[in-house]
Amino acid sequence: QVAPPADPTRVVVLTAIKELANVNALAKGARLPVARAGVTAIYGENGVGKSGYSRVFKKACRARDRREPILPNANLEPGTCGPAEATFEAEIDGTPIDLPWKDGNEPPHPLSEIAIFDTHCARAYIDNQGDFAYSPYGLDILEGLVGACNKLKVRATAEKAASTPSNAAYVVLAGEQTEVAKKLLGIPARTKAEDIETLAIISEAELERLALLNKTLAEADPRQKALALRQKASRLTSLVERVATAIDVVSEEKVASLWELIGKSNAAKAAAELAATEFKATPGQLAGTGGEEWKTLFQAARAFAEISHADHEFPDLPVNAVCPLCQNALGQEGAARLLRFDAFVRAAAEKAAKDARDAAAVPFRVIQQASLDLMFRDDLVEEVTELSPEVAAACTALQASLRVRQLALLQAAAGKLAWDELPKLSDTPRPGLDEIFGRLHEQAKDLDVIADEKLKAVMVSERMELDARRRLAEVKGAVLEAMTKHELCRKLQACIDGMETRGISRKSTELSRTTATQELADALNAELKLLKVHHL
């Protein structure tokens, strides 16, 4: 709202608002005194109409946001209430005067010298990220667009991360020399869902043919048997690697290291908090000085000083310089205060606390984000159980104890569990797995010796193709799900790429420079002084 030209020689002060009518549920004829100096607090229970006074002030006086309508009493019949009315008691240059006001009519001219500020008006006056204390109308649209794009980008990135496809269900199939493997390797670029659906259909006759091929080759092809044994050994090797990796993540050494780092972090944090408490206790400082919000404000002032005080090194500013925060002259005390504030922000305790926290965060995230799944289930369980029931039981027990220990570690790191109460891991199945692995390789070597070199390659190829299709039918759902996630991730990536905001930011900067110059800011401050903005 642009106020009418003010009389720079007069002073307008509100002392009360009275004779209210048709304002929410406020009593007709009510009167509210306003303190000549200090703060006037309007209090009461919810729904009694406290905000109604604010709407009346915004409509009658000057405010940047006047969109909130003044509603009549909802308890009265519709159509029985007229427009809102009130009379403002004021003093103009010390002379009492009543200023009647009616919603919809031009307010009394002296009321335009009273500026109203609330949360709805805040955006028009305050912009912690801008270069100007004055933000032209419309510029916030581009900033809002940047914010919306960034929020969408964050959401799309998170959704993409949550929808990351996995090929764990068919990674073995994709490593074979079959038509199924070719299609699986073509995901997501070349293979379509229809291709997977077609290959996964296997008839009863084909299953019977596969069983016959398996029997024939098992009897006549010791080399194939050796290959099967080596594949089984390979799967055990992967299991051994997963066991070793999982145990290492939650090993006693890793736990001791994390325990020590978290202890150091907590000690450094306590020291930093003590230093902050002593700093906050300095007489004459506002409440909250030294807190995170205050630090953010101080760092913003440091960045702004690179523009506003380019010839000086912040915070070492001359006493006659203008404060980058309040834009008043610093003076001897203000310049010294900036140096004291900077010394606190750069204090060793604060840096030590941050370094210790960062050092502890790395091993903590490793444990927190680690997938301790041994993938010991279904066919692999049956396979190991057939070879050694004891080793299979040890693998199952280890899987359960890994999950329990990981959860307990996270609780201990959060201070919810004593470190010496962490559960121990069950016995490792590693020796038993190594023994089985060696036995399988020895059997395979024996079969290689007696292998029949005249095996029919066609039968082997046919068996591999049929077996691959049979196994594909078992994991078809997982394959199609992975393809769906690939497509979703592609679309989300396109969305993420489309949320680029550099062009919007460049345009906003361009408009800021051409619309709100430093000369305009200086002129605005001068006008405010001439308008005698004397009372809030």
# chains A, B, ... in the order shown; residues from 1 in each chain; ligands from 1
>>> residues_around(residues="A:Ala84", least_positions_apart="6", cutoff="10 Å", atoms="only C-alpha atoms", output="PyMOL selection string")
chain A and resi 20-24+56+70-72+101-104
>>> residues_around(residues="stretch 489-498 of chain A", least_positions_apart="3", cutoff="9 Å", atoms="only C-alpha atoms", output="count of residues only")
16
>>> residues_around(residues="A:Gly49", least_positions_apart="4", cutoff="10 Å", atoms="only C-alpha atoms", output="JSON, numbers by chain")
{"A": [23, 24, 25, 26, 27, 42, 43, 44, 45, 53, 54, 73]}
>>> write_last_selection(atoms="C-alpha atoms", output="compact mmCIF listing (two decimals), in the first residue's frame")
# COMPACT_ATOMS: atom_id res chain seq x y z
CA VAL A 23 -16.41 -7.22 13.68
CA ASN A 24 -16.42 -10.98 14.25
CA ALA A 25 -17.97 -11.76 17.63
CA LEU A 26 -16.62 -8.63 19.33
CA ALA A 27 -19.18 -6.91 21.53
CA ILE A 42 -4.64 -8.33 23.61
CA TYR A 43 -5.24 -11.71 25.24
CA GLY A 44 -8.05 -14.16 25.75
CA GLU A 45 -9.25 -17.66 24.90
CA TYR A 53 -8.68 -6.09 16.12
CA SER A 54 -5.66 -6.81 13.88
CA ASN A 73 -20.65 -12.38 13.77
>>> residues_around(residues="stretch 424-437 of chain A", least_positions_apart="3", cutoff="8 Å", atoms="only C-alpha atoms", output="CSV table (one decimal) with C-alpha atoms, in the first residue's frame")
chain,number,residue,atom,x,y,z
A,233,ALA,CA,31.1,-73.4,-4.8
A,236,LEU,CA,29.2,-70.4,-1.4
A,237,THR,CA,32.1,-68.0,-2.1
A,240,VAL,CA,31.4,-66.3,2.6
A,243,VAL,CA,29.5,-63.1,6.0
A,244,ALA,CA,32.9,-61.6,6.2
A,387,LEU,CA,25.7,-80.2,2.4
A,388,SER,CA,25.9,-79.5,6.1
A,391,VAL,CA,26.6,-74.9,8.9
A,394,ALA,CA,25.0,-71.4,12.0
A,395,CYS,CA,24.3,-69.1,9.0
A,397,ALA,CA,21.7,-67.8,13.7
A,398,LEU,CA,24.4,-65.3,12.4
A,401,SER,CA,22.3,-61.9,15.5
A,402,LEU,CA,23.6,-59.4,12.9
A,405,ARG,CA,23.5,-56.2,17.0
A,440,LEU,CA,33.2,-79.3,-3.7
A,441,HIS,CA,36.3,-78.3,-5.6
>>> residues_around(residues="A:Val366", least_positions_apart="4", cutoff="10 Å", atoms="only C-alpha atoms", output="list in words")
Val249, Val250, Ala361, Val362, Ala370 and Ser371 of chain A
>>> atom_distance(atom1="atom CA of A:Ala205", atom2="atom CA of A:Gly477")
23.0 Å
>>> residues_around(residues="A:Val381", least_positions_apart="5", cutoff="9 Å", atoms="only C-alpha atoms", output="JSON, numbers by chain")
{"A": [376, 386, 392, 395, 396]}
>>> write_last_selection(atoms="N, CA and C atoms", output="CSV table (one decimal), in the first residue's frame")
chain,number,residue,atom,x,y,z
A,376,PHE,N,20.7,-65.4,2.8
A,376,PHE,CA,20.7,-66.8,3.0
A,376,PHE,C,19.3,-67.3,3.2
A,386,GLU,N,21.7,-79.3,2.6
A,386,GLU,CA,22.0,-80.6,2.1
A,386,GLU,C,23.4,-81.0,2.3
A,392,ALA,N,24.4,-74.7,8.0
A,392,ALA,CA,23.2,-73.9,7.6
A,392,ALA,C,22.6,-73.3,8.8
A,395,CYS,N,24.6,-70.3,9.8
A,395,CYS,CA,24.3,-69.1,9.0
A,395,CYS,C,23.0,-68.4,9.4
A,396,THR,N,22.0,-69.2,9.7
A,396,THR,CA,20.7,-68.6,10.1
A,396,THR,C,20.8,-67.9,11.4
>>> closest_residue(among="A:Gln368, A:Val172, A:Glu260, A:Val458", to="A:Ser234", atoms="only C-alpha atoms")
A:Val172
>>> select_by_dssp(residues="stretch 15-111 of chain A", states="alpha helix (DSSP H)", output="PyMOL selection string")
chain A and resi 50-60
>>> residues_around(residues="stretch 31-37 of chain A", least_positions_apart="3", cutoff="7 Å", atoms="only C-alpha atoms", output="list in words")
Val13, Leu14, Thr15, Ala16, Ile17, Lys18, Glu19 and Thr40 of chain A
>>> write_last_selection(atoms="C-alpha atoms", output="mmCIF file, in the first residue's frame")
data_model
loop_
_atom_site.group_PDB
_atom_site.id
_atom_site.type_symbol
_atom_site.label_atom_id
_atom_site.label_comp_id
_atom_site.auth_asym_id
_atom_site.auth_seq_id
_atom_site.Cartn_x
_atom_site.Cartn_y
_atom_site.Cartn_z
ATOM 1 C CA VAL A 13 -0.495 8.509 18.032
ATOM 2 C CA LEU A 14 -3.364 6.025 18.566
ATOM 3 C CA THR A 15 -4.761 5.899 22.112
ATOM 4 C CA ALA A 16 -7.812 3.623 21.716
ATOM 5 C CA ILE A 17 -10.273 1.940 19.341
ATOM 6 C CA LYS A 18 -13.947 2.036 20.268
ATOM 7 C CA GLU A 19 -17.551 1.753 19.027
ATOM 8 C CA THR A 40 -0.402 -3.273 24.289
#
>>> select_by_dssp(residues="stretch 29-233 of chain A", states="strand (DSSP E or B)", output="list in words")
Leu32, Pro33, Arg62, Glu85, Ala86, Thr87, Phe88, Glu89, Ala90, Glu91, Ile92, Thr95, Pro96, Ile97, Asp98, Leu99, Pro100, Trp101, Lys102 and Ala115 of chain A
>>> atom_distance(atom1="atom CA of A:Phe341", atom2="atom CA of A:Gly291")
11.7 Å
>>> closest_residue(among="A:Gln177, A:Gln399, A:Trp259, A:Pro363", to="A:Arg242", atoms="only C-alpha atoms")
A:Gln399
>>> atom_distance(atom1="atom CA of A:Val180", atom2="atom CA of A:Ser166")
17.3 Å
